[in-house]
file query_8.txt (compact mmCIF, C-alpha atoms)
# COMPACT_ATOMS: atom_id res chain seq x y z
CA MET A 1 101.89 95.16 96.81
CA SER A 2 102.29 97.31 99.85
CA THR A 3 106.02 97.45 99.22
CA GLN A 4 105.44 99.41 96.02
CA THR A 5 103.07 101.76 97.73
CA GLY A 6 105.76 102.45 100.29
CA GLN A 7 108.35 103.10 97.61
CA GLN A 8 106.08 105.36 95.60
CA LYS A 9 105.43 107.49 98.63
CA GLN A 10 109.15 107.69 99.35
CA THR A 11 109.74 109.26 95.95
CA SER A 12 107.35 112.13 96.60
CA ASN A 13 108.34 115.09 98.75
CA VAL A 14 109.01 113.11 101.92
CA LEU A 15 112.22 114.37 103.51
CA GLN A 16 114.99 111.95 102.73
CA PRO A 17 118.03 110.73 104.69
CA GLY A 18 120.82 113.28 104.67
CA THR A 19 118.41 116.21 104.94
CA SER A 20 118.55 118.53 107.92
CA ALA A 21 115.42 117.96 110.02
CA PRO A 22 113.29 121.12 110.11
CA ASN A 23 112.97 122.35 113.67
CA PHE A 24 109.51 122.74 115.19
CA THR A 25 107.89 123.71 118.44
CA LEU A 26 104.54 122.09 119.20
CA ARG A 27 102.35 121.87 122.23
CA THR A 28 102.19 118.62 124.14
CA ALA A 29 99.92 119.95 126.89
CA PRO A 30 97.90 123.15 127.30
CA ASP A 31 100.80 124.79 129.11
CA GLN A 32 103.77 122.91 127.70
CA SER A 33 105.64 122.85 124.40
CA VAL A 34 108.34 120.61 122.97
CA SER A 35 110.91 121.60 120.35
CA LEU A 36 112.88 119.19 118.22
CA ASP A 37 116.16 121.00 118.89
CA GLN A 38 115.86 120.53 122.63
CA PHE A 39 116.80 116.88 122.00
CA ARG A 40 119.98 117.81 120.12
CA GLY A 41 122.72 115.44 121.23
CA ASN A 42 120.41 112.42 121.22
CA PRO A 43 118.78 110.55 118.35
CA VAL A 44 115.06 111.31 118.01
CA ILE A 45 112.42 109.02 116.54
CA ILE A 46 109.51 111.01 115.11
CA LEU A 47 106.34 109.02 114.71
CA PHE A 48 103.66 110.70 112.57
CA TYR A 49 100.29 108.95 112.85
CA PRO A 50 96.83 109.83 111.50
CA ALA A 51 94.72 110.08 114.64
CA ASP A 52 94.38 109.44 118.36
CA PHE A 53 91.96 106.67 119.30
CA SER A 54 92.18 104.61 116.14
CA PRO A 55 90.03 101.55 116.75
CA VAL A 56 92.74 98.95 117.24
CA CYS A 57 94.65 97.89 120.27
CA GLY A 58 98.26 97.02 119.86
CA ASP A 59 98.41 99.90 117.42
CA GLU A 60 101.39 101.94 116.48
CA VAL A 61 101.72 104.13 119.56
CA SER A 62 101.13 101.18 121.90
CA LEU A 63 103.77 99.23 120.07
CA TYR A 64 106.33 102.02 120.33
CA ASN A 65 105.39 102.54 123.96
CA GLU A 66 106.08 98.87 124.62
CA ILE A 67 109.38 98.92 122.76
CA LEU A 68 110.57 102.16 124.40
CA PRO A 69 113.26 100.40 126.48
CA GLU A 70 114.83 99.09 123.27
CA PHE A 71 115.04 102.63 121.91
CA GLN A 72 116.43 103.92 125.19
CA ARG A 73 119.36 101.54 124.85
CA PHE A 74 120.43 103.88 122.05
CA ASN A 75 119.60 106.98 124.15
CA ALA A 76 116.92 107.70 121.57
CA GLU A 77 113.90 109.86 122.34
CA VAL A 78 110.48 109.09 120.85
CA ILE A 79 107.89 111.73 119.98
CA GLY A 80 104.49 111.17 118.39
CA ILE A 81 102.84 113.80 116.18
CA SER A 82 99.29 114.03 114.87
CA VAL A 83 96.88 116.84 114.06
CA ASP A 84 94.78 116.14 117.17
CA GLY A 85 94.49 118.87 119.81
CA VAL A 86 96.28 118.78 123.16
CA TRP A 87 93.21 117.77 125.19
CA CYS A 88 92.64 114.83 122.91
CA HIS A 89 96.33 113.89 123.19
CA LEU A 90 96.13 114.05 126.98
CA ALA A 91 93.17 111.69 127.07
CA PHE A 92 94.70 109.33 124.54
CA SER A 93 98.05 109.33 126.27
CA LYS A 94 96.43 108.50 129.59
CA HIS A 95 94.30 105.80 127.99
CA LYS A 96 97.34 104.13 126.42
CA LYS A 97 99.64 104.81 129.40
CA LEU A 98 102.14 106.39 127.04
CA ARG A 99 105.63 107.10 128.29
CA PHE A 100 106.61 109.44 125.46
CA PRO A 101 105.12 112.82 124.49
CA LEU A 102 102.46 113.36 121.85
CA LEU A 103 102.72 116.65 120.00
CA SER A 104 99.86 118.54 118.51
CA ASP A 105 100.31 119.68 114.90
CA PHE A 106 97.07 121.57 115.25
CA GLU A 107 97.55 125.25 114.39
CA PRO A 108 98.28 125.89 111.60
CA LYS A 109 96.95 122.41 111.03
CA GLY A 110 99.47 119.92 109.68
CA ASN A 111 102.16 122.57 109.28
CA VAL A 112 104.98 120.38 110.60
CA ALA A 113 103.77 117.32 108.72
CA GLN A 114 103.84 119.40 105.53
CA LYS A 115 107.44 120.44 106.18
CA TYR A 116 108.35 116.76 106.44
CA GLY A 117 106.31 115.91 103.33
CA VAL A 118 103.88 113.63 105.12
CA TYR A 119 100.60 115.57 105.20
CA ARG A 120 97.59 114.05 103.45
CA LYS A 121 95.78 117.19 102.32
CA ASN A 122 92.65 115.42 101.11
CA ASP A 123 92.19 113.59 104.40
CA GLY A 124 93.43 116.36 106.67
CA VAL A 125 95.68 113.99 108.61
CA THR A 126 99.32 112.95 108.51
CA GLU A 127 100.66 109.80 106.88
CA ARG A 128 101.87 106.96 109.04
CA ALA A 129 105.50 107.97 108.80
CA LEU A 130 108.72 107.42 110.70
CA PHE A 131 111.81 109.59 110.81
CA LEU A 132 115.05 109.03 112.64
CA VAL A 133 116.93 112.24 113.36
CA ASP A 134 120.51 111.80 114.56
CA LYS A 135 122.17 113.68 117.42
CA ASP A 136 123.24 116.45 115.02
CA GLY A 137 119.74 117.03 113.67
CA ILE A 138 120.19 115.18 110.36
CA ILE A 139 117.51 112.78 109.10
CA ARG A 140 119.03 109.31 108.84
CA TYR A 141 115.95 107.28 108.01
CA SER A 142 112.50 108.04 106.70
CA TYR A 143 109.64 105.73 105.91
CA VAL A 144 106.03 106.20 104.93
CA SER A 145 103.89 103.18 105.60
CA PRO A 146 101.21 102.00 103.17
CA ILE A 147 97.72 103.10 104.14
CA GLY A 148 96.23 100.87 106.78
CA VAL A 149 99.48 99.15 107.68
CA ASN A 150 101.21 100.08 110.89
CA PRO A 151 104.95 100.27 110.48
CA GLY A 152 106.72 97.89 112.81
CA ALA A 153 109.91 98.91 114.57
CA ASP A 154 112.33 96.68 112.66
CA GLY A 155 113.41 99.41 110.22
CA ILE A 156 113.90 102.10 112.83
CA LEU A 157 115.91 99.74 115.07
CA LYS A 158 118.21 98.82 112.17
CA ALA A 159 118.65 102.51 111.42
CA LEU A 160 119.47 103.23 115.07
CA GLU A 161 122.05 100.47 115.09
CA SER A 162 123.72 101.85 112.00
CA LEU A 163 124.14 105.24 113.69
CA SER A 164 126.58 103.86 116.21
CA MET B 165 111.78 98.73 101.62
CA MET B 166 111.30 94.97 101.68
CA GLU B 167 108.33 93.33 103.31
CA PRO B 168 109.38 92.39 106.83
CA GLU B 169 110.71 88.86 107.11
CA LEU B 170 110.78 86.60 110.11
CA THR B 171 114.23 87.03 111.66
CA LEU B 172 114.01 84.04 114.01
CA PRO B 173 113.05 81.05 111.87
CA ILE B 174 110.52 78.56 113.17
CA ASN B 175 112.38 75.94 115.14
CA SER B 176 110.71 72.79 116.44
CA ASN B 177 113.07 72.78 119.42
CA ARG B 178 111.77 76.08 120.72
CA ASP B 179 108.45 76.85 119.05
CA HIS B 180 104.98 75.61 119.86
CA LEU B 181 103.78 73.94 116.70
CA LEU B 182 100.63 72.27 115.47
CA GLY B 183 100.65 70.26 112.25
CA PRO B 184 103.26 68.41 110.22
CA GLN B 185 106.73 69.80 109.68
CA LYS B 186 106.45 69.28 105.92
CA ALA B 187 103.16 71.12 105.55
CA PRO B 188 103.27 73.46 102.51
CA VAL B 189 102.22 76.42 104.60
CA THR B 190 103.26 77.58 108.05
CA LEU B 191 101.17 80.23 109.73
CA LEU B 192 102.83 81.96 112.67
CA GLU B 193 101.01 84.28 115.02
CA TYR B 194 102.53 86.80 117.40
CA GLY B 195 99.82 87.28 119.99
CA ASP B 196 98.86 88.61 123.40
CA TYR B 197 96.47 86.68 125.67
CA GLU B 198 94.77 89.86 126.87
CA CYS B 199 94.20 91.33 123.40
CA PRO B 200 90.56 91.01 122.29
CA TYR B 201 91.56 90.88 118.62
CA CYS B 202 93.85 87.94 119.37
CA LYS B 203 90.94 86.19 121.02
CA GLN B 204 88.94 86.58 117.79
CA ALA B 205 91.94 85.47 115.79
CA ASN B 206 92.30 82.33 117.90
CA LEU B 207 88.85 81.17 116.83
CA ILE B 208 89.60 81.93 113.20
CA VAL B 209 92.91 80.08 113.38
CA ALA B 210 91.19 77.07 114.95
CA LYS B 211 88.69 76.93 112.08
CA THR B 212 91.47 77.35 109.57
CA ILE B 213 93.41 74.45 111.06
CA GLN B 214 90.26 72.30 110.89
CA GLN B 215 89.80 73.26 107.29
CA PHE B 216 93.31 72.60 106.01
CA GLY B 217 94.24 69.69 108.27
CA ASN B 218 97.77 68.43 107.67
CA LYS B 219 98.32 70.88 104.81
CA MET B 220 99.20 73.58 107.30
CA ARG B 221 101.32 74.09 110.37
CA PHE B 222 100.58 76.68 113.01
CA ALA B 223 102.97 78.31 115.45
CA PHE B 224 102.34 80.80 118.23
CA ARG B 225 104.79 83.23 119.78
CA ASN B 226 104.19 85.65 122.63
CA PHE B 227 103.94 89.37 122.07
CA PRO B 228 102.53 90.74 125.34
CA LEU B 229 101.78 94.47 125.23
CA THR B 230 102.29 94.90 128.94
CA GLN B 231 101.67 98.65 129.10
CA ILE B 232 98.06 98.30 127.97
CA HIS B 233 97.51 94.69 129.11
CA PRO B 234 98.67 94.27 132.70
CA HIS B 235 97.94 90.51 132.78
CA ALA B 236 99.46 89.61 129.43
CA GLN B 237 102.96 88.83 130.64
CA HIS B 238 101.94 86.42 133.40
CA ALA B 239 99.40 84.78 131.12
CA ALA B 240 102.14 84.20 128.54
CA GLU B 241 104.41 82.73 131.21
CA ALA B 242 101.59 80.47 132.42
CA ALA B 243 101.16 79.12 128.89
CA GLU B 244 104.88 78.40 128.77
CA CYS B 245 104.73 76.70 132.19
CA ALA B 246 101.96 74.48 130.83
CA GLY B 247 104.05 73.94 127.71
CA ALA B 248 106.83 72.54 129.88
CA GLN B 249 104.29 69.84 130.82
CA ASN B 250 103.17 69.32 127.21
CA LYS B 251 99.91 71.22 127.68
CA PHE B 252 100.74 74.45 125.88
CA TRP B 253 97.82 74.43 123.45
CA GLU B 254 95.31 73.43 126.10
CA MET B 255 96.38 76.37 128.26
CA HIS B 256 96.51 78.64 125.21
CA ASP B 257 92.83 77.98 124.47
CA ILE B 258 91.73 78.28 128.10
CA LEU B 259 93.46 81.66 128.37
CA TYR B 260 91.65 83.02 125.32
CA GLU B 261 88.33 81.54 126.40
CA ASN B 262 88.70 83.20 129.81
CA GLN B 263 90.28 86.43 128.73
CA GLU B 264 88.35 88.42 131.35
CA ALA B 265 89.90 86.38 134.17
CA LEU B 266 93.68 86.41 133.92
CA GLU B 267 94.72 87.20 137.48
CA ASP B 268 97.47 84.97 138.88
CA VAL B 269 94.92 83.09 140.96
CA ASN B 270 92.94 82.34 137.79
CA LEU B 271 96.05 81.13 135.98
CA LEU B 272 96.70 78.66 138.78
CA GLU B 273 93.10 77.46 138.57
CA TYR B 274 93.51 76.74 134.88
CA ALA B 275 96.65 74.76 135.60
CA GLU B 276 94.61 72.67 138.04
CA VAL B 277 91.84 72.19 135.51
CA LEU B 278 94.46 70.82 133.13
CA LYS B 279 95.65 68.49 135.89
CA LEU B 280 99.19 69.79 135.68
CA ASP B 281 101.82 68.85 138.22
CA MET B 282 101.00 71.80 140.49
CA PRO B 283 104.18 72.02 142.60
CA ARG B 284 106.17 72.09 139.38
CA PHE B 285 103.83 74.60 137.73
CA GLN B 286 103.93 76.91 140.74
CA ASP B 287 107.68 76.65 140.97
CA ASN B 288 108.05 77.62 137.32
CA PHE B 289 105.37 80.29 137.50
CA TYR B 290 106.52 82.09 140.65
CA ASN B 291 110.19 81.89 139.71
CA HIS B 292 109.40 83.29 136.25
CA THR B 293 111.27 80.41 134.69
CA PHE B 294 109.95 81.30 131.25
CA ALA B 295 110.07 85.10 131.44
CA LEU B 296 113.19 85.16 129.28
CA ARG B 297 111.60 82.83 126.79
CA VAL B 298 108.62 85.19 126.48
CA ARG B 299 111.05 88.09 126.09
CA GLU B 300 112.87 86.23 123.35
CA ASP B 301 109.58 85.78 121.50
CA PHE B 302 108.80 89.47 121.94
CA LEU B 303 112.20 90.69 120.73
CA SER B 304 112.10 88.36 117.74
CA GLY B 305 108.74 89.91 116.90
CA ILE B 306 110.08 93.45 117.06
CA ARG B 307 112.97 92.50 114.82
CA SER B 308 110.61 90.88 112.37
CA GLY B 309 108.33 93.90 112.01
CA VAL B 310 105.45 92.90 114.28
CA ASN B 311 103.20 95.94 114.09
CA GLY B 312 100.48 95.18 116.59
CA THR B 313 98.60 92.16 117.85
CA PRO B 314 97.88 89.81 116.31
CA THR B 315 100.54 89.87 113.58
CA PHE B 316 100.75 86.87 111.28
CA TYR B 317 103.59 85.50 109.17
CA ILE B 318 102.95 83.08 106.34
CA ASN B 319 105.99 81.02 105.38
CA GLY B 320 108.21 83.58 107.03
CA MET B 321 106.80 86.78 105.49
CA ARG B 322 104.60 89.26 107.33
CA TYR B 323 100.97 89.00 106.28
CA ASN B 324 99.56 92.51 105.89
CA ASP B 325 96.06 91.78 104.66
CA SER B 326 92.96 91.23 106.74
CA TRP B 327 92.97 88.12 108.91
CA ASP B 328 89.23 87.59 108.72
CA GLN B 329 88.24 84.01 107.96
CA GLU B 330 87.60 84.51 104.27
CA ALA B 331 90.79 86.42 103.48
CA LEU B 332 93.04 84.18 105.51
CA THR B 333 91.52 81.01 104.05
CA LYS B 334 91.90 82.29 100.50
CA THR B 335 95.53 83.28 101.01
CA LEU B 336 96.45 79.93 102.54
CA ARG B 337 94.53 77.98 99.90
CA ASP B 338 96.33 79.80 97.09
CA ILE B 339 99.72 78.95 98.59
CA ILE B 340 98.76 75.32 99.23
CA ASN B 341 97.42 74.90 95.70
CA LYS B 342 100.62 76.29 94.21
CA ASN B 343 102.63 73.77 96.17
CA VAL B 344 100.55 70.73 95.38

call {"tool": "encode", "arguments": {"input": "query_8.txt", "output": "structure tokens"}}
result
Amino acid sequence: MSTQTGQQKQTSNVLQPGTSAPNFTLRTAPDQSVSLDQFRGNPVIILFYPADFSPVCGDEVSLYNEILPEFQRFNAEVIGISVDGVWCHLAFSKHKKLRFPLLSDFEPKGNVAQKYGVYRKNDGVTERALFLVDKDGIIRYSYVSPIGVNPGADGILKALESLS
Amino acid sequence: MMEPELTLPINSNRDHLLGPQKAPVTLLEYGDYECPYCKQANLIVAKTIQQFGNKMRFAFRNFPLTQIHPHAQHAAEAAECAGAQNKFWEMHDILYENQEALEDVNLLEYAEVLKLDMPRFQDNFYNHTFALRVREDFLSGIRSGVNGTPTFYINGMRYNDSWDQEALTKTLRDIINKNV
């Protein structure tokens, strides 16, 4: 059952609700960086995903892109993180018409994902993982999806609602 | 974390349904008319319905990913406009069969092919009479854990396995056999 897989992963070193979210600064474009703490004051949804250009449409980033207005009702920001480089992110972002930034956990590779406990060392990519960080920088929700299953947005929306 | 459940139960007053209400299995799809995977899924669903006959019920709800599929919203509304004239499933199939041609002018052509009452169709279509209905489908999908298109629910629980013909048939057959 995928449910069990999800629970097993949760018991590993994935950062849990109540933990302070480690700050990070990552590049989102060749000449532009984004830091987690620049969003302080607003909730932030962090979406870790394995790779740009995964061969499905209606995938995770497209879904979150589509749902963005629902998140904005809570003044929440969305950021995506993978180990892909900035040029790849730019192309992917344009291709998917993304309206939220993709950050590049590229050098040292997977460093931020490791801090959040969602780096798959053997595969060299991040888990499909979701974190909700509240306006004070505390993790309020974390979820690692079973391999091959995109997380929907139901859990993160419930978590957002419970913040207010 | 529990497997996502359908938050808006199937309701014959609002949902487009094929098959008997008392069928042991209800398959629900959240889909997008411009999504190529949904087009494939539509053929698989059609075969599945043929196979199981009145043992299954099928429902379709709209989940247009408008940022990547610029025609998906209007196509969904056109299907609903046809639905208002009891031709939802006919339009549904035409839209998937003609996925490369979903401009407004094409949608109107399909309505004519189906011999719909055109003044009424146009009135509904241009006034976006069913935009809210499509939105309601979409939001119910988000709340229920739709994670891409197509996403299926079997008897109200999200189906996470492959939806290829073999896997889907086996899953449905197992449920039907348990119920018989």

call {"tool": "interface_residues", "arguments": {"input": "query_8.txt", "of": "chain B", "to": "chain A", "cutoff": "10 Å", "atoms": "only C-alpha atoms", "output": "PyMOL selection string"}}
result
chain B and resi 165-169+171+195-196+199-201+227-233+302-315+324-325

call {"tool": "write_last_selection", "arguments": {"input": "query_8.txt", "atoms": "C-alpha atoms", "output": "PDB file, in the coordinates of the input"}}
result
ATOM      1  CA  MET B 165     111.780  98.730 101.620  1.00  0.00           C
ATOM      2  CA  MET B 166     111.300  94.970 101.680  1.00  0.00           C
ATOM      3  CA  GLU B 167     108.330  93.330 103.310  1.00  0.00           C
ATOM      4  CA  PRO B 168     109.380  92.390 106.830  1.00  0.00           C
ATOM      5  CA  GLU B 169     110.710  88.860 107.110  1.00  0.00           C
ATOM      6  CA  THR B 171     114.230  87.030 111.660  1.00  0.00           C
ATOM      7  CA  GLY B 195      99.820  87.280 119.990  1.00  0.00           C
ATOM      8  CA  ASP B 196      98.860  88.610 123.400  1.00  0.00           C
ATOM      9  CA  CYS B 199      94.200  91.330 123.400  1.00  0.00           C
ATOM     10  CA  PRO B 200      90.560  91.010 122.290  1.00  0.00           C
ATOM     11  CA  TYR B 201      91.560  90.880 118.620  1.00  0.00           C
ATOM     12  CA  PHE B 227     103.940  89.370 122.070  1.00  0.00           C
ATOM     13  CA  PRO B 228     102.530  90.740 125.340  1.00  0.00           C
ATOM     14  CA  LEU B 229     101.780  94.470 125.230  1.00  0.00           C
ATOM     15  CA  THR B 230     102.290  94.900 128.940  1.00  0.00           C
ATOM     16  CA  GLN B 231     101.670  98.650 129.100  1.00  0.00           C
ATOM     17  CA  ILE B 232      98.060  98.300 127.970  1.00  0.00           C
ATOM     18  CA  HIS B 233      97.510  94.690 129.110  1.00  0.00           C
ATOM     19  CA  PHE B 302     108.800  89.470 121.940  1.00  0.00           C
ATOM     20  CA  LEU B 303     112.200  90.690 120.730  1.00  0.00           C
ATOM     21  CA  SER B 304     112.100  88.360 117.740  1.00  0.00           C
ATOM     22  CA  GLY B 305     108.740  89.910 116.900  1.00  0.00           C
ATOM     23  CA  ILE B 306     110.080  93.450 117.060  1.00  0.00           C
ATOM     24  CA  ARG B 307     112.970  92.500 114.820  1.00  0.00           C
ATOM     25  CA  SER B 308     110.610  90.880 112.370  1.00  0.00           C
ATOM     26  CA  GLY B 309     108.330  93.900 112.010  1.00  0.00           C
ATOM     27  CA  VAL B 310     105.450  92.900 114.280  1.00  0.00           C
ATOM     28  CA  ASN B 311     103.200  95.940 114.090  1.00  0.00           C
ATOM     29  CA  GLY B 312     100.480  95.180 116.590  1.00  0.00           C
ATOM     30  CA  THR B 313      98.600  92.160 117.850  1.00  0.00           C
ATOM     31  CA  PRO B 314      97.880  89.810 116.310  1.00  0.00           C
ATOM     32  CA  THR B 315     100.540  89.870 113.580  1.00  0.00           C
ATOM     33  CA  ASN B 324      99.560  92.510 105.890  1.00  0.00           C
ATOM     34  CA  ASP B 325      96.060  91.780 104.660  1.00  0.00           C
TER      35      ASP B 325
END

call {"tool": "atom_distance", "arguments": {"input": "query_8.txt", "atom1": "atom CA of Ser162 of chain A", "atom2": "atom CA of Val14 of chain A"}}
result
21.1 Å

call {"tool": "atom_distance", "arguments": {"input": "query_8.txt", "atom1": "atom CA of Leu192 of chain B", "atom2": "atom CA of Tyr274 of chain B"}}
result
24.6 Å

call {"tool": "atom_distance", "arguments": {"input": "query_8.txt", "atom1": "atom CA of Arg120 of chain A", "atom2": "atom CA of Met321 of chain B"}}
result
28.9 Å

call {"tool": "residues_around", "arguments": {"input": "query_8.txt", "residues": "segment 39-46 of chain A", "least_positions_apart": "2", "cutoff": "9 Å", "atoms": "only C-alpha atoms", "output": "list in words"}}
result
Ser35, Leu36, Asp37, Phe48, Phe71, Phe74, Asn75, Ala76, Glu77, Val78, Ile79, Gly80, Ile81, Ala129, Leu130, Phe131, Leu132, Val133, Asp134, Lys135, Asp136, Gly137, Ile156, Leu160 and Leu163 of chain A

call {"tool": "write_last_selection", "arguments": {"input": "query_8.txt", "atoms": "C-alpha atoms", "output": "tab-separated table (two decimals), keeping the file's coordinate frame"}}
result
chain	number	residue	atom	x	y	z
A	35	SER	CA	110.91	121.60	120.35
A	36	LEU	CA	112.88	119.19	118.22
A	37	ASP	CA	116.16	121.00	118.89
A	48	PHE	CA	103.66	110.70	112.57
A	71	PHE	CA	115.04	102.63	121.91
A	74	PHE	CA	120.43	103.88	122.05
A	75	ASN	CA	119.60	106.98	124.15
A	76	ALA	CA	116.92	107.70	121.57
A	77	GLU	CA	113.90	109.86	122.34
A	78	VAL	CA	110.48	109.09	120.85
A	79	ILE	CA	107.89	111.73	119.98
A	80	GLY	CA	104.49	111.17	118.39
A	81	ILE	CA	102.84	113.80	116.18
A	129	ALA	CA	105.50	107.97	108.80
A	130	LEU	CA	108.72	107.42	110.70
A	131	PHE	CA	111.81	109.59	110.81
A	132	LEU	CA	115.05	109.03	112.64
A	133	VAL	CA	116.93	112.24	113.36
A	134	ASP	CA	120.51	111.80	114.56
A	135	LYS	CA	122.17	113.68	117.42
A	136	ASP	CA	123.24	116.45	115.02
A	137	GLY	CA	119.74	117.03	113.67
A	156	ILE	CA	113.90	102.10	112.83
A	160	LEU	CA	119.47	103.23	115.07
A	163	LEU	CA	124.14	105.24	113.69

call {"tool": "closest_residue", "arguments": {"input": "query_8.txt", "among": "A:Arg140, A:Lys109, A:Lys121, A:Lys94", "to": "Leu26 of chain A", "atoms": "only C-alpha atoms"}}
result
A:Lys109

call {"tool": "residues_around", "arguments": {"input": "query_8.txt", "residues": "Lys211 of chain B", "least_positions_apart": "2", "cutoff": "12 Å", "atoms": "all atoms listed in the file", "output": "list in words"}}
result
Gln204, Ala205, Asn206, Leu207, Ile208, Val209, Ile213, Gln214, Gln215, Phe216, Gly217, Phe222, Asp328, Gln329, Glu330, Leu332 and Thr333 of chain B

call {"tool": "write_last_selection", "arguments": {"input": "query_8.txt", "atoms": "C-alpha atoms", "output": "PDB file, in the frame of the given file"}}
result
ATOM      1  CA  GLN B 204      88.940  86.580 117.790  1.00  0.00           C
ATOM      2  CA  ALA B 205      91.940  85.470 115.790  1.00  0.00           C
ATOM      3  CA  ASN B 206      92.300  82.330 117.900  1.00  0.00           C
ATOM      4  CA  LEU B 207      88.850  81.170 116.830  1.00  0.00           C
ATOM      5  CA  ILE B 208      89.600  81.930 113.200  1.00  0.00           C
ATOM      6  CA  VAL B 209      92.910  80.080 113.380  1.00  0.00           C
ATOM      7  CA  ILE B 213      93.410  74.450 111.060  1.00  0.00           C
ATOM      8  CA  GLN B 214      90.260  72.300 110.890  1.00  0.00           C
ATOM      9  CA  GLN B 215      89.800  73.260 107.290  1.00  0.00           C
ATOM     10  CA  PHE B 216      93.310  72.600 106.010  1.00  0.00           C
ATOM     11  CA  GLY B 217      94.240  69.690 108.270  1.00  0.00           C
ATOM     12  CA  PHE B 222     100.580  76.680 113.010  1.00  0.00           C
ATOM     13  CA  ASP B 328      89.230  87.590 108.720  1.00  0.00           C
ATOM     14  CA  GLN B 329      88.240  84.010 107.960  1.00  0.00           C
ATOM     15  CA  GLU B 330      87.600  84.510 104.270  1.00  0.00           C
ATOM     16  CA  LEU B 332      93.040  84.180 105.510  1.00  0.00           C
ATOM     17  CA  THR B 333      91.520  81.010 104.050  1.00  0.00           C
TER      18      THR B 333
END

call {"tool": "residues_around", "arguments": {"input": "query_8.txt", "residues": "segment 255-267 of chain B", "least_positions_apart": "4", "cutoff": "7 Å", "atoms": "all atoms listed in the file", "output": "PyMOL selection string"}}
result
chain B and resi 197-198+203+235+239+243+246+251+271

call {"tool": "closest_residue", "arguments": {"input": "query_8.txt", "among": "B:Asn343, B:Thr335, B:Asn218, B:Asn319", "to": "Ile174 of chain B", "atoms": "all atoms listed in the file"}}
result
B:Asn319

call {"tool": "residues_around", "arguments": {"input": "query_8.txt", "residues": "Phe92 of chain A", "least_positions_apart": "5", "cutoff": "10 Å", "atoms": "only C-alpha atoms", "output": "list in words"}}
result
Ala51, Asp52, Phe53, Ser54, Val86, Trp87, Lys97, Leu98 and Leu102 of chain A

call {"tool": "axis_aligned_box", "arguments": {"input": "query_8.txt", "around": "segment 235-241 of chain B", "padding_each_side": "4 Å", "output": "AutoDock Vina command-line options"}}
result
--center_x 101.2 --center_y 86.6 --center_z 131.0 --size_x 14.5 --size_y 15.8 --size_z 12.9

call {"tool": "residues_around", "arguments": {"input": "query_8.txt", "residues": "Gly124 of chain A", "least_positions_apart": "6", "cutoff": "12 Å", "atoms": "all atoms listed in the file", "output": "list in words"}}
result
Tyr49, Pro50, Ala51, Ser82, Val83, Asp84, Asp105, Phe106, Pro108, Lys109, Gly110, Asn111, Ala113, Gln114 and Val118 of chain A

call {"tool": "write_last_selection", "arguments": {"input": "query_8.txt", "atoms": "C-alpha atoms", "output": "JSON list (two decimals), keeping the file's coordinate frame"}}
result
[["chain", "number", "residue", "atom", "x", "y", "z"],
["A", 49, "TYR", "CA", 100.29, 108.95, 112.85],
["A", 50, "PRO", "CA", 96.83, 109.83, 111.50],
["A", 51, "ALA", "CA", 94.72, 110.08, 114.64],
["A", 82, "SER", "CA", 99.29, 114.03, 114.87],
["A", 83, "VAL", "CA", 96.88, 116.84, 114.06],
["A", 84, "ASP", "CA", 94.78, 116.14, 117.17],
["A", 105, "ASP", "CA", 100.31, 119.68, 114.90],
["A", 106, "PHE", "CA", 97.07, 121.57, 115.25],
["A", 108, "PRO", "CA", 98.28, 125.89, 111.60],
["A", 109, "LYS", "CA", 96.95, 122.41, 111.03],
["A", 110, "GLY", "CA", 99.47, 119.92, 109.68],
["A", 111, "ASN", "CA", 102.16, 122.57, 109.28],
["A", 113, "ALA", "CA", 103.77, 117.32, 108.72],
["A", 114, "GLN", "CA", 103.84, 119.40, 105.53],
["A", 118, "VAL", "CA", 103.88, 113.63, 105.12]]
